[in-house]
Amino acid sequence: MSAIKKVYPCLWFDSNAEEAVNFYLSVFKNGRIHKTTHFGKAGYEIHKRPEGSVMTIDFELEGQFFMALNGGPYFQFNEAVSIVIECETQEELDDYWNKLSEGGDPNAQQCGWLKDRYGLSWQVVPSIMNELTPENPTPASEKLMEAMLKMKKLDIAALKKAADQ
């Protein structure tokens with residue numbers, strides 16, 4: 001049995017993978033492109049992409065590897081998969097929320113979840129959430145949940161206050 005080298009998500013875009021990757025690189029401080037591949041003549045009858053256009057982009061955000069694929073209009077993102085961003089401070093949380101939600105669907109914002117302009121779902125959450133949410137419900141965690149369910153963008157101070165009651 002061979003060893004797995006990496007496990008990473010492939011993000012399927014219609015034809016704007018390069019635009020999306022550049023947007024994500026502008027949002028995150030630590031990101032880079034590793035490799036870009038292009039369509040050739042082979043398979044045109046299936047992919048219908050012009051020779052030389054971008055096929056895939058291997059990139060990294062904050063140490064997490066991704067692949068972006070220009071796969072056509074056949075599949076769309078949905079909320080069944082989301083990318084989680086754990087934030088240490090409210091300022092950091094606000095920054096990611098504001099950048100990623102710009103141009104996204106405001107109706108898809110709930111409990112720290114948002115959908116960006118490309119339809120990709122993100123969870124922008126405080127890193128302290130693991131400490132505030134025990135494995136089994138407690139009166140404090142129930143109050144935390146009640147407070148969180150009323151929020152779109154999460155408010156760390158309000159969540160801590162709810163958990164302390």
# chains A, B, ... in the order shown; residues from 1 in each chain; ligands from 1
>>> residues_around(residues="Pro9 of chain A", least_positions_apart="5", cutoff="8 Å", atoms="only C-alpha atoms", output="list in words")
Phe65, Phe66 and Met67 of chain A
>>> select_by_dssp(residues="chain A", states="strand (DSSP E or B)", output="ChimeraX atom specification")
/A:10-13,31-38,54-61,64-70,82-87,110,113-115,121-126
>>> residues_around(residues="Thr56 of chain A", least_positions_apart="6", cutoff="7 Å", atoms="only C-alpha atoms", output="list in words")
Thr36, Thr37, His38, Met67, Ala68, Leu69 and Asn70 of chain A
>>> residues_around(residues="Tyr118 of chain A", least_positions_apart="4", cutoff="10 Å", atoms="only C-alpha atoms", output="VMD selection string")
chain A and resid 13 to 14 16 to 17 19 to 20 23 76 to 77 100 103 to 105
>>> select_by_dssp(residues="chain A", states="alpha helix (DSSP H)", output="PyMOL selection string")
chain A and resi 17-27+44-47+90-101+129-132+139-149+156-164
>>> residues_around(residues="Ile83 of chain A", least_positions_apart="4", cutoff="7 Å", atoms="only C-alpha atoms", output="ChimeraX atom specification")
/A:121-123
>>> write_last_selection(atoms="N, CA and C atoms", output="PDB file, in the first residue's frame")
ATOM      1  N   SER A 121     -19.081  28.514   0.500  1.00  0.00           N
ATOM      2  CA  SER A 121     -19.483  28.776   1.883  1.00  0.00           C
ATOM      3  C   SER A 121     -18.271  28.766   2.813  1.00  0.00           C
ATOM      4  N   TRP A 122     -18.268  29.712   3.731  1.00  0.00           N
ATOM      5  CA  TRP A 122     -17.209  29.873   4.728  1.00  0.00           C
ATOM      6  C   TRP A 122     -17.862  29.958   6.103  1.00  0.00           C
ATOM      7  N   GLN A 123     -17.155  29.458   7.117  1.00  0.00           N
ATOM      8  CA  GLN A 123     -17.530  29.660   8.510  1.00  0.00           C
ATOM      9  C   GLN A 123     -16.424  30.500   9.142  1.00  0.00           C
TER      10      GLN A 123
END
>>> residues_around(residues="Ala157 of chain A", least_positions_apart="4", cutoff="10 Å", atoms="only C-alpha atoms", output="list in words")
Thr89, Gln90, Lys161, Ala162 and Ala163 of chain A
>>> residues_around(residues="Val84 of chain A", least_positions_apart="2", cutoff="12 Å", atoms="only C-alpha atoms", output="list in words")
Leu61, Glu62, Gln64, Val81, Ser82, Glu86, Cys87, Leu93, Tyr96, Trp97, Gly112, Trp113, Leu114, Lys115, Leu120, Ser121, Trp122, Gln123, Val124, Val125, Pro126 and Ser127 of chain A
>>> write_last_selection(atoms="C-alpha atoms", output="PDB file, in the first residue's frame")
ATOM      1  CA  LEU A  61      -4.056  29.656   1.993  1.00  0.00           C
ATOM      2  CA  GLU A  62      -2.623  29.807   5.521  1.00  0.00           C
ATOM      3  CA  GLN A  64      -4.011  24.690   3.574  1.00  0.00           C
ATOM      4  CA  VAL A  81     -19.224  21.850   2.331  1.00  0.00           C
ATOM      5  CA  SER A  82     -17.696  24.968   3.855  1.00  0.00           C
ATOM      6  CA  GLU A  86     -10.735  30.210  13.138  1.00  0.00           C
ATOM      7  CA  CYS A  87     -10.038  33.772  14.291  1.00  0.00           C
ATOM      8  CA  LEU A  93     -13.058  37.906  12.409  1.00  0.00           C
ATOM      9  CA  TYR A  96     -12.394  38.064   7.026  1.00  0.00           C
ATOM     10  CA  TRP A  97     -16.165  38.441   7.275  1.00  0.00           C
ATOM     11  CA  GLY A 112     -20.913  32.755  11.361  1.00  0.00           C
ATOM     12  CA  TRP A 113     -21.602  31.210   7.936  1.00  0.00           C
ATOM     13  CA  LEU A 114     -21.429  33.229   4.747  1.00  0.00           C
ATOM     14  CA  LYS A 115     -21.399  32.589   1.038  1.00  0.00           C
ATOM     15  CA  LEU A 120     -18.355  29.093  -1.743  1.00  0.00           C
ATOM     16  CA  SER A 121     -19.483  28.776   1.883  1.00  0.00           C
ATOM     17  CA  TRP A 122     -17.209  29.873   4.728  1.00  0.00           C
ATOM     18  CA  GLN A 123     -17.530  29.660   8.510  1.00  0.00           C
ATOM     19  CA  VAL A 124     -15.795  32.605  10.168  1.00  0.00           C
ATOM     20  CA  VAL A 125     -15.619  31.619  13.819  1.00  0.00           C
ATOM     21  CA  PRO A 126     -13.718  32.577  16.955  1.00  0.00           C
ATOM     22  CA  SER A 127     -11.066  30.045  17.951  1.00  0.00           C
TER      23      SER A 127
END
>>> atom_distance(atom1="atom CA of Asn78 of chain A", atom2="atom CA of Asp116 of chain A")
11.2 Å
>>> closest_residue(among="A:Asp94, A:Met129, A:Glu135, A:Met151", to="Gln109 of chain A", atoms="only C-alpha atoms")
A:Met151
>>> closest_residue(among="A:Ile57, A:Ser15, A:Ile46, A:Asn22", to="His34 of chain A", atoms="only C-alpha atoms")
A:Ile57
>>> closest_residue(among="A:Ile128, A:Tyr74, A:Leu11, A:Glu60", to="Ile33 of chain A", atoms="only C-alpha atoms")
A:Glu60
>>> closest_residue(among="A:Glu88, A:Asp58, A:Glu51, A:Glu102", to="Gly31 of chain A", atoms="only C-alpha atoms")
A:Asp58
>>> closest_residue(among="A:Lys29, A:Lys35, A:Lys5, A:Lys143", to="Val54 of chain A", atoms="only C-alpha atoms")
A:Lys35
